[in-house]
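As provided, protein.pdb (PDB, C-alpha atoms, pLDDT in the B column) reads as follows.
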MODEL        1
ATOM      1  CA  MET A   1       0.000   0.000   0.000  1.00 46.00           C
ATOM      2  CA  THR A   2       1.377   3.407  -0.952  1.00 51.00           C
ATOM      3  CA  CYS A   3       1.379   6.371   1.412  1.00 53.00           C
ATOM      4  CA  CYS A   4      -1.402   7.893  -0.722  1.00 63.00           C
ATOM      5  CA  GLU A   5      -3.575   4.802  -0.274  1.00 64.00           C
ATOM      6  CA  GLY A   6      -2.849   4.710   3.462  1.00 70.00           C
ATOM      7  CA  TRP A   7      -3.954   8.310   3.929  1.00 73.00           C
ATOM      8  CA  THR A   8      -7.031   7.702   1.758  1.00 76.00           C
ATOM      9  CA  ALA A   9      -8.131   4.774   3.951  1.00 77.00           C
ATOM     10  CA  CYS A  10      -7.533   6.802   7.146  1.00 84.00           C
ATOM     11  CA  ASN A  11      -9.343   9.741   5.589  1.00 86.00           C
ATOM     12  CA  GLY A  12     -12.341   7.547   4.817  1.00 87.00           C
ATOM     13  CA  PHE A  13     -12.667   6.446   8.451  1.00 91.00           C
ATOM     14  CA  SER A  14     -12.412  10.066   9.625  1.00 93.00           C
ATOM     15  CA  LEU A  15     -15.080  11.179   7.157  1.00 94.00           C
ATOM     16  CA  LEU A  16     -17.344   8.331   8.292  1.00 95.00           C
ATOM     17  CA  VAL A  17     -17.107   9.479  11.914  1.00 96.00           C
ATOM     18  CA  LEU A  18     -17.772  13.116  10.952  1.00 97.00           C
ATOM     19  CA  LEU A  19     -20.646  12.071   8.679  1.00 96.00           C
ATOM     20  CA  LEU A  20     -22.398  10.167  11.467  1.00 97.00           C
ATOM     21  CA  LEU A  21     -21.722  12.974  13.942  1.00 97.00           C
ATOM     22  CA  GLY A  22     -23.151  15.592  11.573  1.00 97.00           C
ATOM     23  CA  VAL A  23     -26.339  13.614  10.979  1.00 97.00           C
ATOM     24  CA  THR A  24     -26.762  12.962  14.709  1.00 97.00           C
ATOM     25  CA  LEU A  25     -26.336  16.628  15.624  1.00 96.00           C
ATOM     26  CA  ASN A  26     -28.816  17.717  12.957  1.00 96.00           C
ATOM     27  CA  VAL A  27     -31.403  15.203  14.171  1.00 95.00           C
ATOM     28  CA  ILE A  28     -31.206  16.261  17.844  1.00 94.00           C
ATOM     29  CA  PRO A  29     -33.302  19.488  17.613  1.00 92.00           C
ATOM     30  CA  LEU A  30     -35.785  17.731  15.310  1.00 91.00           C
ATOM     31  CA  ILE A  31     -36.302  14.928  17.832  1.00 92.00           C
ATOM     32  CA  VAL A  32     -36.568  17.386  20.728  1.00 89.00           C
ATOM     33  CA  ASN A  33     -39.229  19.321  18.813  1.00 84.00           C
ATOM     34  CA  LEU A  34     -41.143  16.114  18.044  1.00 85.00           C
ATOM     35  CA  VAL A  35     -40.996  14.912  21.662  1.00 86.00           C
ATOM     36  CA  ASP A  36     -42.062  18.278  23.087  1.00 79.00           C
ATOM     37  CA  GLU A  37     -44.849  19.057  20.629  1.00 74.00           C
ATOM     38  CA  ASP A  38     -45.817  15.605  19.227  1.00 72.00           C
ATOM     39  CA  GLN A  39     -45.437  17.066  15.733  1.00 69.00           C
ATOM     40  CA  PHE A  40     -42.919  18.818  13.527  1.00 67.00           C
ATOM     41  CA  PHE A  41     -42.933  22.529  12.588  1.00 63.00           C
ATOM     42  CA  LYS A  42     -44.745  23.532  15.810  1.00 67.00           C
ATOM     43  CA  ASN A  43     -42.554  25.659  18.099  1.00 67.00           C
ATOM     44  CA  PRO A  44     -39.268  24.493  16.502  1.00 80.00           C
ATOM     45  CA  ILE A  45     -35.991  25.461  18.122  1.00 87.00           C
ATOM     46  CA  SER A  46     -34.843  27.299  14.989  1.00 88.00           C
ATOM     47  CA  CYS A  47     -35.235  27.440  11.235  1.00 85.00           C
ATOM     48  CA  PHE A  48     -31.738  26.237  10.502  1.00 90.00           C
ATOM     49  CA  GLU A  49     -32.059  22.562  11.373  1.00 91.00           C
ATOM     50  CA  TRP A  50     -34.624  22.426   8.548  1.00 88.00           C
ATOM     51  CA  TRP A  51     -31.865  23.449   6.125  1.00 91.00           C
ATOM     52  CA  PHE A  52     -30.393  20.003   7.021  1.00 94.00           C
ATOM     53  CA  PRO A  53     -26.761  21.161   7.196  1.00 95.00           C
ATOM     54  CA  GLY A  54     -25.710  17.976   8.972  1.00 96.00           C
ATOM     55  CA  ILE A  55     -27.953  15.520   7.116  1.00 96.00           C
ATOM     56  CA  ILE A  56     -27.393  16.845   3.595  1.00 96.00           C
ATOM     57  CA  GLY A  57     -24.241  18.975   3.776  1.00 95.00           C
ATOM     58  CA  ALA A  58     -22.069  16.970   6.158  1.00 96.00           C
ATOM     59  CA  GLY A  59     -23.949  13.712   5.590  1.00 96.00           C
ATOM     60  CA  VAL A  60     -25.318  12.783   2.166  1.00 97.00           C
ATOM     61  CA  MET A  61     -22.766  14.806   0.195  1.00 96.00           C
ATOM     62  CA  ALA A  62     -19.894  13.084   2.010  1.00 96.00           C
ATOM     63  CA  ILE A  63     -21.117   9.515   1.365  1.00 96.00           C
ATOM     64  CA  PRO A  64     -19.530   8.983  -2.100  1.00 94.00           C
ATOM     65  CA  ALA A  65     -16.045  10.072  -1.011  1.00 92.00           C
ATOM     66  CA  THR A  66     -16.334   8.181   2.279  1.00 92.00           C
ATOM     67  CA  THR A  67     -17.374   4.958   0.543  1.00 90.00           C
ATOM     68  CA  MET A  68     -14.561   5.107  -1.976  1.00 86.00           C
ATOM     69  CA  SER A  69     -11.967   6.009   0.645  1.00 84.00           C
ATOM     70  CA  LEU A  70     -13.006   3.104   2.890  1.00 84.00           C
ATOM     71  CA  ALA A  71     -12.792   0.750  -0.093  1.00 80.00           C
ATOM     72  CA  ALA A  72      -9.250   1.903  -0.906  1.00 71.00           C
ATOM     73  CA  ARG A  73      -7.598  -0.681   1.377  1.00 63.00           C
ATOM     74  CA  LYS A  74      -9.714  -3.751   0.574  1.00 65.00           C
ATOM     75  CA  ARG A  75     -10.605  -3.283  -3.080  1.00 61.00           C
ATOM     76  CA  ALA A  76      -7.636  -1.243  -4.273  1.00 57.00           C
ATOM     77  CA  CYS A  77      -9.989   1.180  -5.985  1.00 60.00           C
ATOM     78  CA  CYS A  78      -7.395   3.947  -5.598  1.00 60.00           C
ATOM     79  CA  ASN A  79      -4.507   1.898  -6.996  1.00 60.00           C
ATOM     80  CA  SER A  80      -4.537   3.730 -10.316  1.00 70.00           C
ATOM     81  CA  LYS A  81      -4.376   7.244 -11.654  1.00 73.00           C
ATOM     82  CA  THR A  82      -8.058   7.036 -12.559  1.00 77.00           C
ATOM     83  CA  GLY A  83      -8.971   5.912  -9.054  1.00 73.00           C
ATOM     84  CA  MET A  84      -7.011   8.691  -7.376  1.00 76.00           C
ATOM     85  CA  PHE A  85      -8.456  11.277  -9.743  1.00 80.00           C
ATOM     86  CA  LEU A  86     -11.991  10.022  -9.082  1.00 85.00           C
ATOM     87  CA  SER A  87     -11.282  10.193  -5.357  1.00 82.00           C
ATOM     88  CA  SER A  88     -10.342  13.864  -5.751  1.00 86.00           C
ATOM     89  CA  LEU A  89     -13.554  14.617  -7.637  1.00 90.00           C
ATOM     90  CA  LEU A  90     -15.733  12.910  -5.034  1.00 92.00           C
ATOM     91  CA  ASN A  91     -13.989  14.798  -2.255  1.00 93.00           C
ATOM     92  CA  ALA A  92     -14.737  18.044  -4.074  1.00 95.00           C
ATOM     93  CA  ILE A  93     -18.418  17.203  -3.467  1.00 96.00           C
ATOM     94  CA  THR A  94     -17.555  16.637   0.201  1.00 96.00           C
ATOM     95  CA  VAL A  95     -15.920  20.068   0.392  1.00 97.00           C
ATOM     96  CA  ILE A  96     -19.011  21.703  -1.122  1.00 97.00           C
ATOM     97  CA  GLY A  97     -21.247  19.932   1.401  1.00 97.00           C
ATOM     98  CA  ALA A  98     -18.923  20.893   4.256  1.00 97.00           C
ATOM     99  CA  ALA A  99     -18.978  24.526   3.107  1.00 95.00           C
ATOM    100  CA  TYR A 100     -22.793  24.410   3.102  1.00 95.00           C
ATOM    101  CA  CYS A 101     -22.816  22.997   6.638  1.00 96.00           C
ATOM    102  CA  LEU A 102     -20.310  25.644   7.679  1.00 94.00           C
ATOM    103  CA  LEU A 103     -22.315  28.577   6.263  1.00 92.00           C
ATOM    104  CA  VAL A 104     -25.609  27.423   7.774  1.00 93.00           C
ATOM    105  CA  SER A 105     -23.961  26.873  11.170  1.00 94.00           C
ATOM    106  CA  ILE A 106     -22.376  30.337  11.168  1.00 92.00           C
ATOM    107  CA  GLN A 107     -25.715  31.945  10.304  1.00 89.00           C
ATOM    108  CA  ALA A 108     -27.501  29.869  12.959  1.00 90.00           C
ATOM    109  CA  LEU A 109     -25.011  30.892  15.643  1.00 92.00           C
ATOM    110  CA  ALA A 110     -25.240  34.533  14.596  1.00 88.00           C
ATOM    111  CA  GLU A 111     -29.053  34.676  14.749  1.00 86.00           C
ATOM    112  CA  GLY A 112     -29.813  32.296  17.592  1.00 87.00           C
ATOM    113  CA  PRO A 113     -32.981  30.226  18.119  1.00 90.00           C
ATOM    114  CA  LEU A 114     -36.440  31.396  17.072  1.00 87.00           C
ATOM    115  CA  ILE A 115     -37.445  32.183  20.643  1.00 84.00           C
ATOM    116  CA  CYS A 116     -34.847  34.966  20.626  1.00 83.00           C
ATOM    117  CA  ASN A 117     -35.946  36.468  17.302  1.00 75.00           C
ATOM    118  CA  SER A 118     -39.624  35.769  16.739  1.00 62.00           C
ATOM    119  CA  GLN A 119     -42.703  36.304  18.866  1.00 57.00           C
ATOM    120  CA  SER A 120     -44.576  33.561  17.010  1.00 55.00           C
ATOM    121  CA  ASN A 121     -41.774  30.956  17.339  1.00 58.00           C
ATOM    122  CA  THR A 122     -43.013  29.080  14.258  1.00 60.00           C
ATOM    123  CA  THR A 123     -41.505  28.191  10.895  1.00 60.00           C
ATOM    124  CA  SER A 124     -43.756  30.819   9.279  1.00 57.00           C
ATOM    125  CA  SER A 125     -41.089  33.360  10.228  1.00 59.00           C
ATOM    126  CA  CYS A 126     -38.356  31.357   8.495  1.00 66.00           C
ATOM    127  CA  GLU A 127     -37.074  32.584   5.151  1.00 65.00           C
ATOM    128  CA  PHE A 128     -35.360  29.834   3.184  1.00 63.00           C
ATOM    129  CA  SER A 129     -33.262  31.380   0.425  1.00 62.00           C
ATOM    130  CA  LEU A 130     -29.708  31.316  -0.887  1.00 64.00           C
ATOM    131  CA  GLU A 131     -29.554  35.064  -0.280  1.00 64.00           C
ATOM    132  CA  ASN A 132     -29.995  34.483   3.455  1.00 61.00           C
ATOM    133  CA  LEU A 133     -27.459  31.658   3.378  1.00 62.00           C
ATOM    134  CA  THR A 134     -24.745  33.817   1.825  1.00 59.00           C
ATOM    135  CA  ALA A 135     -25.517  36.872   3.973  1.00 59.00           C
ATOM    136  CA  SER A 136     -22.637  38.218   6.032  1.00 54.00           C
ATOM    137  CA  TYR A 137     -23.010  38.270   9.827  1.00 53.00           C
ATOM    138  CA  TYR A 138     -19.433  38.975  10.830  1.00 52.00           C
ATOM    139  CA  GLU A 139     -20.281  42.478  12.043  1.00 52.00           C
ATOM    140  CA  SER A 140     -22.931  41.272  14.530  1.00 60.00           C
ATOM    141  CA  PHE A 141     -21.468  37.864  15.379  1.00 67.00           C
ATOM    142  CA  ASP A 142     -21.244  38.244  19.150  1.00 73.00           C
ATOM    143  CA  LEU A 143     -23.402  35.402  20.536  1.00 80.00           C
ATOM    144  CA  GLN A 144     -25.167  37.801  22.884  1.00 81.00           C
ATOM    145  CA  TRP A 145     -28.335  35.753  22.553  1.00 82.00           C
ATOM    146  CA  PHE A 146     -26.527  32.942  24.384  1.00 84.00           C
ATOM    147  CA  PHE A 147     -24.431  34.817  26.935  1.00 82.00           C
ATOM    148  CA  GLU A 148     -27.148  37.254  28.019  1.00 77.00           C
ATOM    149  CA  ASP A 149     -29.388  36.226  30.908  1.00 74.00           C
ATOM    150  CA  SER A 150     -32.407  36.375  28.622  1.00 75.00           C
ATOM    151  CA  CYS A 151     -32.413  36.786  24.869  1.00 76.00           C
ATOM    152  CA  VAL A 152     -36.122  37.651  24.997  1.00 70.00           C
ATOM    153  CA  SER A 153     -35.206  40.932  26.659  1.00 53.00           C
ATOM    154  CA  ARG A 154     -33.711  42.083  23.362  1.00 53.00           C
ATOM    155  CA  MET A 155     -37.179  42.036  21.827  1.00 49.00           C
ATOM    156  CA  ASP A 156     -38.928  43.370  24.920  1.00 50.00           C
ATOM    157  CA  SER A 157     -36.400  45.747  26.435  1.00 45.00           C
ATOM    158  CA  ASN A 158     -39.172  48.043  27.745  1.00 43.00           C
ATOM    159  CA  ASN A 159     -40.717  45.317  29.842  1.00 43.00           C
ATOM    160  CA  PRO A 160     -39.850  46.130  33.489  1.00 41.00           C
ATOM    161  CA  SER A 161     -40.622  42.600  34.596  1.00 39.00           C
ATOM    162  CA  ILE A 162     -37.476  41.323  32.896  1.00 39.00           C
ATOM    163  CA  THR A 163     -34.454  41.623  35.164  1.00 39.00           C
ATOM    164  CA  ASN A 164     -30.814  40.798  34.599  1.00 45.00           C
ATOM    165  CA  THR A 165     -28.561  38.727  36.786  1.00 42.00           C
ATOM    166  CA  THR A 166     -24.908  39.385  37.324  1.00 41.00           C
ATOM    167  CA  ALA A 167     -22.259  37.909  35.072  1.00 44.00           C
ATOM    168  CA  SER A 168     -20.935  35.803  37.949  1.00 44.00           C
ATOM    169  CA  ASN A 169     -24.283  34.027  38.180  1.00 48.00           C
ATOM    170  CA  TRP A 170     -24.525  33.410  34.446  1.00 48.00           C
ATOM    171  CA  ARG A 171     -23.226  29.843  34.472  1.00 48.00           C
ATOM    172  CA  VAL A 172     -25.545  28.770  37.280  1.00 46.00           C
ATOM    173  CA  TYR A 173     -28.537  30.446  35.692  1.00 49.00           C
ATOM    174  CA  ASN A 174     -27.992  29.706  32.041  1.00 52.00           C
ATOM    175  CA  LEU A 175     -26.572  26.195  31.827  1.00 60.00           C
ATOM    176  CA  HIS A 176     -29.716  24.491  33.057  1.00 69.00           C
ATOM    177  CA  PHE A 177     -32.905  23.413  31.311  1.00 68.00           C
ATOM    178  CA  ASN A 178     -34.924  25.443  33.812  1.00 70.00           C
ATOM    179  CA  SER A 179     -37.043  27.120  31.118  1.00 79.00           C
ATOM    180  CA  ILE A 180     -38.035  26.658  27.500  1.00 82.00           C
ATOM    181  CA  GLU A 181     -35.883  29.621  26.545  1.00 84.00           C
ATOM    182  CA  ASN A 182     -32.748  28.207  28.163  1.00 86.00           C
ATOM    183  CA  LYS A 183     -33.462  24.763  26.741  1.00 88.00           C
ATOM    184  CA  HIS A 184     -33.729  26.131  23.200  1.00 89.00           C
ATOM    185  CA  ARG A 185     -30.650  28.304  23.580  1.00 90.00           C
ATOM    186  CA  ILE A 186     -28.441  25.509  24.949  1.00 92.00           C
ATOM    187  CA  ILE A 187     -29.545  22.980  22.332  1.00 93.00           C
ATOM    188  CA  HIS A 188     -29.226  25.499  19.504  1.00 94.00           C
ATOM    189  CA  PHE A 189     -25.740  26.598  20.586  1.00 94.00           C
ATOM    190  CA  SER A 190     -24.468  23.050  21.169  1.00 95.00           C
ATOM    191  CA  VAL A 191     -25.850  21.635  17.920  1.00 96.00           C
ATOM    192  CA  PHE A 192     -24.616  24.344  15.581  1.00 96.00           C
ATOM    193  CA  LEU A 193     -21.271  24.768  17.297  1.00 96.00           C
ATOM    194  CA  GLY A 194     -20.809  21.036  16.780  1.00 97.00           C
ATOM    195  CA  LEU A 195     -21.917  21.283  13.139  1.00 97.00           C
ATOM    196  CA  LEU A 196     -19.528  24.198  12.645  1.00 97.00           C
ATOM    197  CA  LEU A 197     -16.624  22.053  13.829  1.00 97.00           C
ATOM    198  CA  VAL A 198     -17.817  19.103  11.721  1.00 98.00           C
ATOM    199  CA  GLY A 199     -17.981  21.333   8.632  1.00 97.00           C
ATOM    200  CA  ILE A 200     -14.465  22.682   9.237  1.00 97.00           C
ATOM    201  CA  LEU A 201     -12.968  19.223   9.772  1.00 97.00           C
ATOM    202  CA  GLU A 202     -14.759  17.710   6.772  1.00 96.00           C
ATOM    203  CA  MET A 203     -13.523  20.547   4.594  1.00 96.00           C
ATOM    204  CA  LEU A 204      -9.939  20.011   5.770  1.00 96.00           C
ATOM    205  CA  PHE A 205     -10.099  16.254   5.189  1.00 94.00           C
ATOM    206  CA  GLY A 206     -11.721  16.759   1.793  1.00 94.00           C
ATOM    207  CA  LEU A 207      -9.141  19.296   0.666  1.00 95.00           C
ATOM    208  CA  SER A 208      -6.279  17.101   1.884  1.00 91.00           C
ATOM    209  CA  GLN A 209      -7.680  14.128  -0.055  1.00 89.00           C
ATOM    210  CA  ILE A 210      -8.001  16.252  -3.199  1.00 90.00           C
ATOM    211  CA  ILE A 211      -4.310  17.150  -2.876  1.00 89.00           C
ATOM    212  CA  ILE A 212      -3.338  13.531  -2.143  1.00 83.00           C
ATOM    213  CA  GLY A 213      -5.402  12.377  -5.122  1.00 79.00           C
ATOM    214  CA  PHE A 214      -3.609  14.671  -7.538  1.00 80.00           C
ATOM    215  CA  LEU A 215      -0.250  13.708  -6.027  1.00 78.00           C
ATOM    216  CA  GLY A 216      -1.222  10.076  -6.535  1.00 71.00           C
ATOM    217  CA  CYS A 217      -1.915  10.801 -10.187  1.00 70.00           C
ATOM    218  CA  LEU A 218       1.472  12.457 -10.594  1.00 72.00           C
ATOM    219  CA  CYS A 219       3.311   9.680  -8.749  1.00 67.00           C
ATOM    220  CA  GLY A 220       1.713   6.867 -10.728  1.00 58.00           C
ATOM    221  CA  GLY A 221      -0.947   5.896  -8.179  1.00 50.00           C
ATOM    222  CA  VAL A 222      -0.229   2.127  -8.304  1.00 47.00           C
ATOM    223  CA  SER A 223       1.150   0.141  -5.424  1.00 49.00           C
ATOM    224  CA  LYS A 224       4.137  -1.947  -6.494  1.00 47.00           C
ATOM    225  CA  ARG A 225       3.234  -4.780  -4.138  1.00 46.00           C
ATOM    226  CA  ARG A 226      -0.276  -5.104  -5.544  1.00 47.00           C
ATOM    227  CA  SER A 227       0.936  -4.677  -9.093  1.00 45.00           C
ATOM    228  CA  GLN A 228       3.180  -7.719  -8.623  1.00 46.00           C
ATOM    229  CA  ILE A 229       0.295  -9.727  -7.179  1.00 43.00           C
ATOM    230  CA  VAL A 230      -1.916  -8.872 -10.160  1.00 41.00           C
TER     231      VAL A 230
ENDMDL
END
How does this structure look as structure tokens?
Amino acid sequence: MTCCEGWTACNGFSLLVLLLLGVTLNVIPLIVNLVDEDQFFKNPISCFEWWFPGIIGAGVMAIPATTMSLAARKRACCNSKTGMFLSSLLNAITVIGAAYCLLVSIQALAEGPLICNSQSNTTSSCEFSLENLTASYYESFDLQWFFEDSCVSRMDSNNPSITNTTASNWRVYNLHFNSIENKHRIIHFSVFLGLLLVGILEMLFGLSQIIIGFLGCLCGGVSKRRSQIV
């Protein structure tokens, strides 16, 4: 086995783990919504899990490259220039899916859950468009909706009944499922922070495999040991 084939097999296992993790993270808020409301689309945690960044972006779009990479050791499917080139092309799809997962996660973390942005807290307030996906949030990316004592106070700042706690009490107050608001904020933050990391790692593995694939093409791509066996 060449060093290119060895990395490809290791890369396939890593992508498999990230694929399963991405799908699992994406499913969590959907299951929580179903358990709490006995139906989908009613009081969802946010709009962004319905973009399926983990299921489609980090999941489905990574399957072809993952399958071929895992088969590299047993079936020698990357033991030729054609195989290595095909591996690079399939990983380009993985990179695109990872970029999609990354963009959705960044937007989700910038906006926060629906309870922090919408009085109705329903999917009717969600706007699914590529324009929203490619919008830039770097100027307002501060995660205040998570670190503040109550993100609802941003919408109802004139309400005197809403009081703030001190920063020293934030961890005790905020990191518990003691209210629907806290529950939605914690789940939303955890899920999309995880998906953000999954998207970054998948993109790095995909890009590295693209480079390895082209290097395999330039170096011949065939293992001498297996060539002698054939």
Selection dump of the PyMOL selection byres ((chain A and resi 187-200) around 10), as a VMD selection string: chain A and resid 15 17 to 19 21 to 29 32 45 to 46 48 to 49 53 to 54 57 to 58 94 to 110 112 to 114 143 145 to 146 177 182 to 186 201 to 206
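Remark: for Asn91 of chain A, the closest of the candidate residues A:Ile212, A:Leu30, A:Cys151, A:Ile55 is A:Ile212 (distances computed over all atoms listed in the file).
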Where's the centre, and what are the edge lengths in Å to one decimal, of a box along x, y and z enclosing all listed atoms of segment 61-71 of chain A padded 4 Å per side, as JSON?
{"center_x": -17.4, "center_y": 7.8, "center_z": 0.4, "size_x": 18.8, "size_y": 22.1, "size_z": 13.0}
Ref. answer, residues at most 9 Å from (-15.4, 9.3, -3.0) with all atoms listed in the file, as a ChimeraX atom specification: /A:12,62-70,86-94
Using C-alpha atoms, can you write the selected residues to a file as a tab-separated table (two decimals), in the frame of the given file?
chain	number	residue	atom	x	y	z
A	12	GLY	CA	-12.34	7.55	4.82
A	62	ALA	CA	-19.89	13.08	2.01
A	63	ILE	CA	-21.12	9.52	1.36
A	64	PRO	CA	-19.53	8.98	-2.10
A	65	ALA	CA	-16.05	10.07	-1.01
A	66	THR	CA	-16.33	8.18	2.28
A	67	THR	CA	-17.37	4.96	0.54
A	68	MET	CA	-14.56	5.11	-1.98
A	69	SER	CA	-11.97	6.01	0.64
A	70	LEU	CA	-13.01	3.10	2.89
A	86	LEU	CA	-11.99	10.02	-9.08
A	87	SER	CA	-11.28	10.19	-5.36
A	88	SER	CA	-10.34	13.86	-5.75
A	89	LEU	CA	-13.55	14.62	-7.64
A	90	LEU	CA	-15.73	12.91	-5.03
A	91	ASN	CA	-13.99	14.80	-2.26
A	92	ALA	CA	-14.74	18.04	-4.07
A	93	ILE	CA	-18.42	17.20	-3.47
A	94	THR	CA	-17.56	16.64	0.20
So how far away is atom CA of Gln144 of chain A from atom CA of Trp51 of chain A, in Å?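 For atom CA of Trp51 of chain A relative to atom CA of Gln144 of chain A, the distance reads 23.1 Å.
Computed from the coordinates, the atom CA of Ile56 of chain A to atom CA of Cys10 of chain A distance equals 22.5 Å.
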So the first atom is atom CA of Glu37 of chain A and the second is atom CA of Ser150 of chain A; what is the distance between them in Å, to one decimal place?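 These two atoms are separated by 22.8 Å.
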Residue with smallest distance to Gly59 of chain A - pool A:Ile31, A:Glu111, A:Leu20, A:Gly83, counting only C-alpha atoms: A:Leu20
